[in-house]
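Structure data (TSV, C-alpha atoms) from query27.tsv:
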```
chain	number	residue	atom	x	y	z
X	29	MET	CA	225.98	19.47	200.06
X	30	LYS	CA	227.89	19.50	196.78
X	31	LEU	CA	231.65	19.30	196.80
X	32	PRO	CA	233.62	22.14	195.26
X	33	LYS	CA	234.45	21.53	191.62
X	34	THR	CA	237.50	19.32	191.39
X	35	GLN	CA	240.50	20.95	189.86
X	36	LYS	CA	242.72	19.08	187.46
X	37	ILE	CA	244.72	16.42	189.29
X	38	LYS	CA	248.35	17.52	189.57
X	39	LEU	CA	250.68	14.64	188.89
X	40	ILE	CA	253.87	14.54	190.90
X	41	ASN	CA	257.28	15.21	189.42
X	42	LYS	CA	258.85	12.60	191.66
X	43	LYS	CA	262.44	13.86	191.61
X	44	GLU	CA	261.46	17.46	192.31
X	45	PHE	CA	258.88	16.39	194.92
X	46	ILE	CA	261.35	14.25	196.87
X	47	LYS	CA	263.91	17.09	196.83
X	48	LEU	CA	261.33	19.53	198.21
X	49	ALA	CA	260.10	17.02	200.81
X	50	LYS	CA	263.66	16.54	202.09
X	51	LYS	CA	264.11	20.32	202.47
X	52	VAL	CA	260.82	20.65	204.37
X	53	ALA	CA	261.66	17.60	206.50
X	54	LYS	CA	264.87	19.36	207.60
X	55	ASP	CA	262.82	22.37	208.71
X	56	PHE	CA	260.56	20.09	210.78
X	57	GLU	CA	263.67	18.52	212.32
X	58	ASP	CA	264.85	22.00	213.34
X	59	GLN	CA	261.39	22.75	214.75
X	60	ASN	CA	261.38	19.55	216.80
X	61	LYS	CA	264.91	20.28	218.06
X	62	TYR	CA	263.83	23.78	219.09
X	63	LEU	CA	260.78	22.43	220.94
X	64	TYR	CA	262.86	19.76	222.66
X	65	GLU	CA	265.47	22.26	223.83
X	66	LYS	CA	262.75	24.65	225.02
X	67	LYS	CA	261.19	21.85	227.06
X	68	LEU	CA	264.58	20.92	228.53
X	69	LYS	CA	265.23	24.53	229.51
X	70	GLU	CA	261.82	24.82	231.16
X	71	ALA	CA	262.47	21.61	233.10
X	72	TYR	CA	265.92	22.87	234.14
X	73	ASP	CA	264.52	26.27	235.24
X	74	LEU	CA	261.83	24.57	237.29
X	75	PHE	CA	264.41	22.28	238.89
X	76	TYR	CA	266.74	25.23	239.59
X	77	GLU	CA	263.93	27.33	241.12
X	78	THR	CA	262.81	24.42	243.28
X	79	TYR	CA	266.18	23.26	244.61
X	80	SER	CA	268.49	26.28	244.51
X	81	ILE	CA	269.68	27.50	247.91
X	82	SER	CA	268.78	31.13	248.38
J	22	MET	CA	235.51	-3.78	204.10
J	23	ILE	CA	236.86	-3.04	200.65
J	24	SER	CA	239.85	-5.15	199.64
J	25	SER	CA	243.01	-3.38	198.56
J	26	THR	CA	242.54	-4.59	194.98
J	27	LYS	CA	239.13	-2.88	194.76
J	28	LEU	CA	240.14	0.22	196.70
J	29	ILE	CA	241.31	2.29	193.73
J	30	ARG	CA	238.02	1.61	191.91
J	31	PHE	CA	236.07	2.63	195.05
J	32	LEU	CA	238.03	5.88	195.46
J	33	LYS	CA	237.91	6.84	191.79
J	34	HIS	CA	236.27	10.24	191.25
J	35	LYS	CA	236.11	10.84	194.97
J	36	ILE	CA	238.09	13.32	197.01
J	37	VAL	CA	240.50	11.73	199.46
J	38	LEU	CA	241.28	13.99	202.41
J	39	LEU	CA	244.77	13.72	203.85
J	40	ASP	CA	245.25	14.02	207.61
J	41	THR	CA	248.29	15.85	209.03
J	42	ASN	CA	250.06	12.57	209.81
J	43	ILE	CA	250.07	11.61	206.11
J	44	PHE	CA	252.00	14.76	205.23
J	45	ARG	CA	254.42	14.04	208.09
J	46	ASP	CA	254.94	10.50	206.79
J	47	ILE	CA	255.53	11.76	203.25
J	48	LEU	CA	258.25	14.02	204.66
J	49	SER	CA	259.97	11.21	206.53
J	50	LYS	CA	259.63	8.66	203.70
J	51	PRO	CA	259.21	10.68	200.51
J	52	THR	CA	260.38	7.99	198.11
J	53	ILE	CA	257.92	5.35	199.32
J	54	LEU	CA	254.93	7.60	199.85
J	55	SER	CA	255.33	9.63	196.66
J	56	GLU	CA	254.80	6.34	194.79
J	57	PHE	CA	251.55	5.79	196.70
J	58	LEU	CA	250.37	9.34	195.94
J	59	GLU	CA	251.31	8.93	192.30
J	60	LYS	CA	249.26	5.74	192.09
J	61	LEU	CA	246.20	7.47	193.55
J	62	LYS	CA	246.50	10.55	191.37
J	63	SER	CA	247.12	8.65	188.16
J	64	SER	CA	243.98	6.61	188.89
J	65	GLY	CA	241.80	9.73	188.86
J	66	ILE	CA	241.61	10.21	192.62
J	67	THR	CA	241.68	13.80	193.82
J	68	LEU	CA	243.76	14.46	196.91
J	69	GLY	CA	242.63	17.21	199.21
J	70	THR	CA	242.80	18.57	202.69
J	71	ILE	CA	241.25	21.25	204.87
J	72	ASP	CA	242.73	24.52	206.09
J	73	ALA	CA	243.13	23.25	209.66
J	74	VAL	CA	245.58	20.59	208.44
J	75	LYS	CA	247.51	23.25	206.54
J	76	TYR	CA	247.70	25.42	209.68
J	77	GLU	CA	249.21	22.51	211.61
J	78	LEU	CA	251.85	22.00	208.96
J	79	LEU	CA	252.70	25.66	208.43
J	80	LYS	CA	253.06	26.71	212.05
J	81	GLY	CA	256.59	26.69	213.37
J	82	SER	CA	258.42	27.42	210.09
J	83	SER	CA	261.77	28.95	210.98
J	84	ASP	CA	261.52	31.86	208.52
J	85	GLU	CA	259.51	33.18	205.57
J	86	ASN	CA	261.43	31.07	203.03
J	87	LYS	CA	260.81	27.90	205.01
J	88	TYR	CA	257.14	28.85	205.34
J	89	LYS	CA	256.95	29.19	201.55
J	90	GLU	CA	258.68	25.81	201.07
J	91	ARG	CA	256.14	24.16	203.38
J	92	ALA	CA	253.28	25.85	201.52
J	93	LYS	CA	254.74	24.69	198.18
J	94	PHE	CA	255.08	21.14	199.50
J	95	ILE	CA	251.41	21.10	200.55
J	96	ASP	CA	250.40	22.54	197.19
J	97	LYS	CA	252.40	19.91	195.27
J	98	THR	CA	250.89	17.11	197.35
J	99	ILE	CA	247.20	17.99	197.12
J	100	ASP	CA	244.93	18.99	194.26
J	101	ILE	CA	242.30	20.86	196.24
J	102	THR	CA	241.63	22.53	199.60
J	103	ILE	CA	238.12	21.81	200.81
J	104	ASN	CA	236.55	24.96	202.17
J	105	LEU	CA	234.17	24.18	204.96
J	106	PRO	CA	230.95	26.23	204.93
J	107	PRO	CA	230.22	28.36	208.03
J	108	SER	CA	227.46	25.89	209.03
J	109	SER	CA	230.12	23.22	209.57
J	110	PHE	CA	231.14	24.84	212.84
J	111	GLU	CA	227.63	24.08	214.17
J	112	LEU	CA	228.02	20.50	212.95
J	113	VAL	CA	231.16	20.11	215.05
J	114	TYR	CA	228.87	20.19	218.13
J	115	ASP	CA	226.77	17.37	216.64
J	116	LEU	CA	229.90	15.35	216.00
J	117	ILE	CA	231.15	15.92	219.57
J	118	LEU	CA	227.76	14.79	220.88
J	119	LYS	CA	227.75	11.68	218.67
J	120	CYS	CA	231.28	10.71	219.66
J	121	ASN	CA	230.57	10.79	223.44
J	122	ILE	CA	233.57	9.57	225.40
J	123	ASP	CA	235.32	8.33	222.24
J	124	GLY	CA	235.73	11.96	221.27
J	125	ALA	CA	237.86	12.82	224.29
J	126	SER	CA	241.13	12.52	222.39
J	127	LEU	CA	239.97	14.35	219.25
J	128	ASN	CA	241.73	17.60	218.48
J	129	ILE	CA	240.10	20.45	216.56
J	130	THR	CA	241.64	19.31	213.25
J	131	ASP	CA	240.20	15.80	213.69
J	132	LEU	CA	236.79	17.31	214.46
J	133	LEU	CA	236.88	19.47	211.34
J	134	LEU	CA	238.03	16.55	209.17
J	135	GLY	CA	235.17	14.48	210.61
J	136	THR	CA	232.76	17.32	209.90
J	137	ALA	CA	233.94	17.48	206.26
J	138	LEU	CA	233.12	13.75	206.00
J	139	MET	CA	229.67	14.42	207.50
J	140	ILE	CA	228.94	17.24	205.06
J	141	TYR	CA	230.10	15.67	201.80
J	142	LYS	CA	229.14	12.08	202.70
J	143	LYS	CA	229.66	9.56	199.90
J	144	ASN	CA	231.85	11.79	197.74
J	145	ILE	CA	234.68	12.05	200.19
J	146	CYS	CA	236.96	9.80	202.25
J	147	LEU	CA	239.67	10.40	204.78
J	148	VAL	CA	243.03	8.68	204.93
J	149	THR	CA	244.71	8.77	208.33
J	150	ARG	CA	247.20	6.90	210.47
J	151	ASP	CA	245.32	7.82	213.68
J	152	THR	CA	243.08	4.80	213.59
J	153	ASN	CA	241.94	5.32	217.20
J	154	ASP	CA	240.54	8.80	216.69
J	155	PHE	CA	237.73	8.10	214.26
J	156	SER	CA	235.01	6.14	216.03
J	157	GLN	CA	233.52	3.36	213.95
J	158	LYS	CA	230.13	4.16	215.49
J	159	ILE	CA	230.12	7.23	213.25
J	160	PHE	CA	232.67	6.55	210.54
J	161	ASP	CA	232.99	3.42	208.45
J	162	LEU	CA	236.48	2.04	208.13
J	163	ARG	CA	236.17	1.28	204.43
J	164	SER	CA	239.64	-0.10	203.89
J	165	ILE	CA	243.13	-0.49	205.27
J	166	VAL	CA	246.25	0.39	203.32
J	167	ASN	CA	249.57	-1.16	204.27
J	168	ILE	CA	252.73	0.35	202.87
J	169	PRO	CA	255.89	-1.62	203.62
J	170	HIS	CA	259.20	0.17	204.14
J	171	SER	CA	262.69	-0.87	205.20
J	172	ARG	CA	261.91	-0.91	208.94
J	173	GLY	CA	258.27	-1.92	209.07
J	174	ILE	CA	254.82	-1.23	207.69
J	175	LEU	CA	252.87	2.01	207.60
J	176	THR	CA	249.17	1.33	208.14
J	177	TYR	CA	246.46	3.78	207.16
J	178	GLY	CA	242.70	3.68	207.53
J	179	ILE	CA	240.33	4.91	204.83
J	180	TYR	CA	237.25	6.35	206.53
J	181	GLN	CA	233.89	7.52	205.29
J	182	TYR	CA	230.92	8.95	207.14
J	183	LYS	CA	228.45	6.18	207.94
J	184	LEU	CA	225.63	6.37	205.45
J	185	ASN	CA	222.32	5.14	206.83
```
Encoded form (structure tokens):
Amino acid sequence: MKLPKTQKIKLINKKEFIKLAKKVAKDFEDQNKYLYEKKLKEAYDLFYETYSIS
Amino acid sequence: MISSTKLIRFLKHKIVLLDTNIFRDILSKPTILSEFLEKLKSSGITLGTIDAVKYELLKGSSDENKYKERAKFIDKTIDITINLPPSSFELVYDLILKCNIDGASLNITDLLLGTALMIYKKNICLVTRDTNDFSQKIFDLRSIVNIPHSRGILTYGIYQYKLN
């Protein structure tokens, strides 16, 4: 099968690219923090449900 | 295996598919990896990916602006998105069958990247850090790229579908 026609190669404007990458990296950090906290809460809830005295 | 000095010549006029982990590494070490990308692009190598990789990167954006920033970052990194034909979803079954037990750890994105290599054969390569996922029974490890950074070395495999 033939590959789709290659578009013109976009060269990187390094300064702009690094700035954008740092912004996006921060968003991934927030996402990882959110997932970590969600996991912790789930673990805590499970622990609480299992060991709380009713 | 192709030596690092001959790698650029081998990849010239081919499409190099980027796995999700490459984008993640660019984000954590943009200065080092943007130099690598620049070298590839300025040598006439087209960087691409598939939609499944884009989905993995876009999901979880905290708001619409952040989603747009992620999309812009992907767009600035690659030159082309490879659209897989509908028949490729049938080929995924063939790939699963060929991989046998080695395929147990493959996720759907890996399977679709592998299928893209199967479809476009010699015109396309994959660069990935997950060197355990792509079985060398099916994919040739054509080269290894080592990129040193302040705390170690990033190692990537360049894979191509085995041509018989």
Please report as an NGL selection string which residues of chain X come no farther than 12 Å from chain J, using all atoms listed in the file.
:X and (29-63)
Write out as a PyMOL selection string the residues lying within 10 Å of stretch 166-178 of chain J, counting all atoms listed in the file and excluding same-chain residues fewer than 4 positions away.
chain J and resi 24-25+28+42-43+46+50+52-54+57+146-153+155+161-162
Write the residues of the selection above to a file with C-alpha atoms, as a compact mmCIF listing (two decimals), in the coordinates of the input.
```
# COMPACT_ATOMS: atom_id res chain seq x y z
CA SER J 24 239.85 -5.15 199.64
CA SER J 25 243.01 -3.38 198.56
CA LEU J 28 240.14 0.22 196.70
CA ASN J 42 250.06 12.57 209.81
CA ILE J 43 250.07 11.61 206.11
CA ASP J 46 254.94 10.50 206.79
CA LYS J 50 259.63 8.66 203.70
CA THR J 52 260.38 7.99 198.11
CA ILE J 53 257.92 5.35 199.32
CA LEU J 54 254.93 7.60 199.85
CA PHE J 57 251.55 5.79 196.70
CA CYS J 146 236.96 9.80 202.25
CA LEU J 147 239.67 10.40 204.78
CA VAL J 148 243.03 8.68 204.93
CA THR J 149 244.71 8.77 208.33
CA ARG J 150 247.20 6.90 210.47
CA ASP J 151 245.32 7.82 213.68
CA THR J 152 243.08 4.80 213.59
CA ASN J 153 241.94 5.32 217.20
CA PHE J 155 237.73 8.10 214.26
CA ASP J 161 232.99 3.42 208.45
CA LEU J 162 236.48 2.04 208.13
```
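Note that atom CA of J:Ile71 and atom CA of J:Val113 are 14.4 Å apart.
Picture a line from atom CA of J:Met22 to atom CA of J:Ser109; it runs 28.1 Å.
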Can you pull out the residues contacting J:Cys120? Cut-off 8 Å, using all atoms listed in the file, and skip same-chain residues under 5 positions away; I want them as a tab-separated table (two decimals) with C-alpha atoms, keeping the file's coordinate frame.
```tsv
chain	number	residue	atom	x	y	z
J	156	SER	CA	235.01	6.14	216.03
J	158	LYS	CA	230.13	4.16	215.49
J	159	ILE	CA	230.12	7.23	213.25
```
